[in-house]
file input_22.cif (mmCIF, C-alpha atoms)
data_query
loop_
_atom_site.group_PDB
_atom_site.id
_atom_site.type_symbol
_atom_site.label_atom_id
_atom_site.label_comp_id
_atom_site.auth_asym_id
_atom_site.auth_seq_id
_atom_site.Cartn_x
_atom_site.Cartn_y
_atom_site.Cartn_z
ATOM 1 C CA MET G 1 112.041 -61.300 -0.592
ATOM 2 C CA ILE G 2 108.354 -61.051 -1.424
ATOM 3 C CA ARG G 3 105.618 -59.259 0.514
ATOM 4 C CA TYR G 4 102.111 -60.671 0.599
ATOM 5 C CA ASP G 5 98.930 -59.022 1.801
ATOM 6 C CA LEU G 6 97.245 -61.639 3.987
ATOM 7 C CA LEU G 7 93.787 -62.221 5.468
ATOM 8 C CA CYS G 8 92.783 -64.395 8.390
ATOM 9 C CA GLY G 9 89.547 -66.341 8.691
ATOM 10 C CA ASP G 10 88.038 -63.441 10.669
ATOM 11 C CA GLY G 11 88.822 -60.967 7.868
ATOM 12 C CA HIS G 12 91.763 -59.143 9.502
ATOM 13 C CA ALA G 13 94.180 -57.768 6.899
ATOM 14 C CA PHE G 14 97.943 -57.693 7.499
ATOM 15 C CA ASP G 15 101.110 -58.269 5.526
ATOM 16 C CA ALA G 16 104.234 -60.395 5.852
ATOM 17 C CA TRP G 17 107.549 -60.895 4.056
ATOM 18 C CA PHE G 18 108.728 -64.278 2.757
ATOM 19 C CA ARG G 19 111.942 -65.432 1.105
ATOM 20 C CA SER G 20 109.966 -66.869 -1.825
ATOM 21 C CA ALA G 21 106.454 -67.774 -2.931
ATOM 22 C CA SER G 22 107.077 -71.392 -1.963
ATOM 23 C CA ASP G 23 108.243 -70.245 1.498
ATOM 24 C CA PHE G 24 104.726 -68.873 2.142
ATOM 25 C CA ASP G 25 103.155 -72.146 0.957
ATOM 26 C CA GLN G 26 105.436 -74.258 3.153
ATOM 27 C CA GLN G 27 104.806 -72.136 6.256
ATOM 28 C CA ALA G 28 101.048 -72.143 5.660
ATOM 29 C CA GLU G 29 101.001 -75.940 5.229
ATOM 30 C CA ARG G 30 102.939 -76.406 8.483
ATOM 31 C CA GLY G 31 100.602 -74.039 10.383
ATOM 32 C CA LEU G 32 103.405 -71.587 11.142
ATOM 33 C CA LEU G 33 101.469 -68.477 10.080
ATOM 34 C CA SER G 34 99.081 -66.597 12.336
ATOM 35 C CA CYS G 35 97.026 -63.422 12.138
ATOM 36 C CA ALA G 36 98.871 -60.364 13.430
ATOM 37 C CA VAL G 37 95.613 -59.089 14.949
ATOM 38 C CA CYS G 38 93.807 -62.082 16.488
ATOM 39 C CA GLY G 39 96.300 -64.953 16.301
ATOM 40 C CA SER G 40 94.150 -67.154 14.045
ATOM 41 C CA VAL G 41 96.173 -69.733 12.097
ATOM 42 C CA GLU G 42 93.646 -69.680 9.247
ATOM 43 C CA VAL G 43 95.671 -67.390 6.958
ATOM 44 C CA ARG G 44 95.456 -66.943 3.192
ATOM 45 C CA LYS G 45 96.877 -64.585 0.584
ATOM 46 C CA ALA G 46 94.687 -61.574 -0.156
ATOM 47 C CA LEU G 47 94.117 -60.032 -3.547
ATOM 48 C CA MET G 48 96.949 -57.540 -4.032
ATOM 49 C CA ALA G 49 97.335 -54.460 -6.165
ATOM 50 C CA PRO G 50 100.582 -54.457 -8.129
ATOM 51 C CA ALA G 51 103.441 -52.192 -7.126
ATOM 52 C CA LEU G 52 103.625 -49.297 -9.572
ATOM 53 C CA THR G 53 106.769 -47.420 -10.519
ATOM 54 C CA ALA G 54 106.466 -43.650 -10.377
ATOM 55 C CA GLY G 55 108.225 -42.394 -13.477
ATOM 56 C CA ARG G 56 111.981 -42.277 -13.790
ATOM 57 C CA SER G 57 112.718 -42.041 -10.082
ATOM 58 C CA GLY G 58 111.887 -45.730 -9.705
ATOM 59 C CA ALA G 59 110.077 -45.118 -6.415
ATOM 60 C CA ALA G 60 107.501 -47.835 -5.827
ATOM 61 C CA MET G 61 103.940 -46.918 -4.941
ATOM 62 C CA GLU G 62 101.400 -49.431 -3.692
ATOM 63 C CA ALA G 63 97.653 -49.127 -3.566
ATOM 64 C CA PRO G 64 95.956 -50.080 -0.296
ATOM 65 C CA PRO G 65 94.455 -53.571 -0.348
ATOM 66 C CA PRO G 66 90.898 -53.479 -1.755
ATOM 67 C CA GLU G 67 89.417 -55.104 1.340
ATOM 68 C CA ALA G 68 90.755 -52.254 3.525
ATOM 69 C CA ALA G 69 88.780 -49.663 1.585
ATOM 70 C CA SER G 70 85.558 -51.661 1.388
ATOM 71 C CA SER G 71 85.501 -53.355 4.789
ATOM 72 C CA GLY G 72 84.455 -50.334 6.852
ATOM 73 C CA VAL G 73 87.134 -51.328 9.381
ATOM 74 C CA PRO G 74 89.258 -48.409 10.590
ATOM 75 C CA LEU G 75 92.843 -48.625 9.340
ATOM 76 C CA VAL G 76 94.201 -47.626 12.781
ATOM 77 C CA THR G 77 92.570 -49.000 15.915
ATOM 78 C CA GLY G 78 93.417 -48.724 19.599
ATOM 79 C CA ARG G 79 95.140 -52.091 19.322
ATOM 80 C CA ASP G 80 97.267 -50.715 16.448
ATOM 81 C CA GLU G 81 98.301 -47.761 18.585
ATOM 82 C CA LYS G 82 99.320 -50.095 21.423
ATOM 83 C CA LEU G 83 101.358 -52.148 18.964
ATOM 84 C CA ARG G 84 103.030 -49.013 17.625
ATOM 85 C CA ALA G 85 103.870 -47.924 21.170
ATOM 86 C CA LEU G 86 105.454 -51.326 21.838
ATOM 87 C CA LEU G 87 107.412 -51.110 18.586
ATOM 88 C CA ARG G 88 108.655 -47.628 19.523
ATOM 89 C CA GLU G 89 109.726 -49.009 22.924
ATOM 90 C CA LEU G 90 111.513 -51.936 21.243
ATOM 91 C CA LYS G 91 113.294 -49.578 18.837
ATOM 92 C CA ALA G 92 114.401 -47.296 21.694
ATOM 93 C CA HIS G 93 115.716 -50.317 23.618
ATOM 94 C CA VAL G 94 117.709 -51.588 20.621
ATOM 95 C CA GLN G 95 119.113 -48.111 19.984
ATOM 96 C CA SER G 96 120.163 -47.680 23.613
ATOM 97 C CA THR G 97 121.767 -51.123 23.954
ATOM 98 C CA SER G 98 123.577 -51.508 20.628
ATOM 99 C CA GLU G 99 126.435 -49.902 18.733
ATOM 100 C CA ASP G 100 125.608 -47.964 15.560
ATOM 101 C CA VAL G 101 128.092 -49.156 12.921
ATOM 102 C CA GLY G 102 126.406 -47.127 10.177
ATOM 103 C CA ASP G 103 127.024 -48.165 6.578
ATOM 104 C CA ARG G 104 129.551 -50.765 7.754
ATOM 105 C CA PHE G 105 126.689 -52.936 9.048
ATOM 106 C CA PRO G 106 126.898 -55.690 6.373
ATOM 107 C CA GLU G 107 130.688 -55.972 6.785
ATOM 108 C CA VAL G 108 130.602 -56.033 10.604
ATOM 109 C CA ALA G 109 127.663 -58.473 10.708
ATOM 110 C CA ARG G 110 129.528 -60.866 8.380
ATOM 111 C CA GLN G 111 132.695 -60.624 10.484
ATOM 112 C CA MET G 112 130.758 -61.447 13.663
ATOM 113 C CA HIS G 113 128.933 -64.314 11.923
ATOM 114 C CA ALA G 114 132.280 -65.734 10.763
ATOM 115 C CA GLU G 115 133.593 -65.264 14.319
ATOM 116 C CA GLU G 116 136.381 -63.018 13.018
ATOM 117 C CA ILE G 117 135.447 -60.427 15.634
ATOM 118 C CA GLU G 118 133.682 -60.554 18.993
ATOM 119 C CA HIS G 119 129.889 -60.730 18.965
ATOM 120 C CA ARG G 120 128.129 -57.622 20.240
ATOM 121 C CA PRO G 121 124.773 -55.935 19.640
ATOM 122 C CA ILE G 122 125.009 -53.733 16.546
ATOM 123 C CA ARG G 123 122.721 -51.749 14.320
ATOM 124 C CA GLY G 124 123.325 -49.814 11.122
ATOM 125 C CA ARG G 125 122.279 -49.332 7.537
ATOM 126 C CA ALA G 126 122.060 -51.843 4.703
ATOM 127 C CA THR G 127 120.363 -51.743 1.342
ATOM 128 C CA ALA G 128 117.582 -54.232 0.639
ATOM 129 C CA GLN G 129 120.007 -56.191 -1.549
ATOM 130 C CA GLU G 130 122.648 -56.251 1.215
ATOM 131 C CA ALA G 131 120.087 -57.421 3.789
ATOM 132 C CA LYS G 132 118.853 -60.145 1.433
ATOM 133 C CA ALA G 133 122.436 -61.319 0.826
ATOM 134 C CA LEU G 134 123.098 -61.433 4.574
ATOM 135 C CA LEU G 135 119.979 -63.553 5.147
ATOM 136 C CA GLU G 136 120.925 -65.895 2.300
ATOM 137 C CA GLU G 137 124.363 -66.317 3.931
ATOM 138 C CA GLY G 138 122.698 -67.268 7.204
ATOM 139 C CA VAL G 139 123.522 -63.994 8.972
ATOM 140 C CA PRO G 140 120.551 -63.120 11.213
ATOM 141 C CA VAL G 141 119.366 -59.562 10.601
ATOM 142 C CA CYS G 142 116.127 -57.758 11.355
ATOM 143 C CA PRO G 143 115.065 -54.262 10.313
ATOM 144 C CA LEU G 144 114.109 -51.786 12.986
ATOM 145 C CA PRO G 145 110.614 -50.362 12.624
ATOM 146 C CA THR G 146 110.353 -46.865 11.169
ATOM 147 C CA PHE G 147 107.687 -44.290 11.861
ATOM 148 C CA PRO G 148 106.608 -41.142 9.980
ATOM 149 C CA GLU G 149 108.279 -38.902 12.552
ATOM 150 C CA ASP G 150 111.620 -40.714 11.899
ATOM 151 C CA GLU G 151 111.836 -39.308 8.372
ATOM 152 C CA ASN G 152 113.198 -35.821 9.083
#

call {"tool": "encode", "arguments": {"input": "input_22.cif", "output": "structure tokens"}}
result
Amino acid sequence: MIRYDLLCGDGHAFDAWFRSASDFDQQAERGLLSCAVCGSVEVRKALMAPALTAGRSGAAMEAPPPEAASSGVPLVTGRDEKLRALLRELKAHVQSTSEDVGDRFPEVARQMHAEEIEHRPIRGRATAQEAKALLEEGVPVCPLPTFPEDEN
């Protein structure tokens, strides 16, 4: 998976994940990309700062996109807060209507995909590599949004 910082024709900055660099190009050519802020389909890659590794821990650190610092546009707007509220509501709904299978998520998701066990709504934990492998196998997965207050 690769994450690109993107800009729309109106200058809104947002990011998106793609399976590969060519996946972005194909989606852009087919008009399948749209701005997360205004819905414009005029989307291009923005100049990105490289991910930096912080010493031996291997933790990645990313610099904010240059256009965010120089644009004078607030990083959090009222629209962003509404979106965050909707994402919190979505997360609460998923948590209240699904079974937490914990670290067994990749195994259980594969079993359901192979129809070895009954389909049911589940959630759990998977590493980035496990999630990527599931997607490559055709198993539909989607991460739940996380918020600063979640990290206790």

call {"tool": "resolve_selection", "arguments": {"input": "input_22.cif", "expression": "the PyMOL selection byres ((chain G and resi 83-99) around 7)", "output": "list in words"}}
result
Arg79, Asp80, Glu81, Lys82, Asp100, Val101, Pro121, Ile122, Arg123, Leu144 and Pro145 of chain G

call {"tool": "residues_around", "arguments": {"input": "input_22.cif", "residues": "G:Trp17", "least_positions_apart": "4", "cutoff": "10 Å", "atoms": "all atoms listed in the file", "output": "PDB file with C-alpha atoms, in the frame of the given file"}}
result
ATOM      1  CA  MET G   1     112.041 -61.300  -0.592  1.00  0.00           C
ATOM      2  CA  ILE G   2     108.354 -61.051  -1.424  1.00  0.00           C
ATOM      3  CA  ARG G   3     105.618 -59.259   0.514  1.00  0.00           C
ATOM      4  CA  TYR G   4     102.111 -60.671   0.599  1.00  0.00           C
ATOM      5  CA  ASP G   5      98.930 -59.022   1.801  1.00  0.00           C
ATOM      6  CA  ALA G  21     106.454 -67.774  -2.931  1.00  0.00           C
ATOM      7  CA  ASP G  23     108.243 -70.245   1.498  1.00  0.00           C
ATOM      8  CA  PHE G  24     104.726 -68.873   2.142  1.00  0.00           C
TER       9      PHE G  24
END

call {"tool": "resolve_selection", "arguments": {"input": "input_22.cif", "expression": "the PyMOL selection byres ((chain G and resi 36) around 12)", "output": "PyMOL selection string"}}
result
chain G and resi 5-8+10-16+33-35+37-43+79-80+83

call {"tool": "atom_distance", "arguments": {"input": "input_22.cif", "atom1": "atom CA of G:Ala128", "atom2": "atom CA of G:Glu29"}}
result
27.7 Å

call {"tool": "closest_residue", "arguments": {"input": "input_22.cif", "among": "G:Ala114, G:Gln129, G:Glu107, G:Ala28", "to": "G:Lys45", "atoms": "all atoms listed in the file"}}
result
G:Ala28

call {"tool": "axis_aligned_box", "arguments": {"input": "input_22.cif", "around": "stretch 4-10 of chain G", "padding_each_side": "8 Å", "output": "JSON"}}
result
{"center_x": 95.1, "center_y": -62.7, "center_z": 5.6, "size_x": 30.1, "size_y": 23.3, "size_z": 26.1}

call {"tool": "closest_residue", "arguments": {"input": "input_22.cif", "among": "G:Glu118, G:Asp150, G:Glu130, G:Glu136", "to": "G:Phe105", "atoms": "all atoms listed in the file"}}
result
G:Glu130

call {"tool": "residues_near_point", "arguments": {"input": "input_22.cif", "point": "(128.3, -62.1, 10.7)", "cutoff": "12 Å", "atoms": "all atoms listed in the file", "output": "MDAnalysis selection string"}}
result
chainID G and resid 104:122 131 133:141
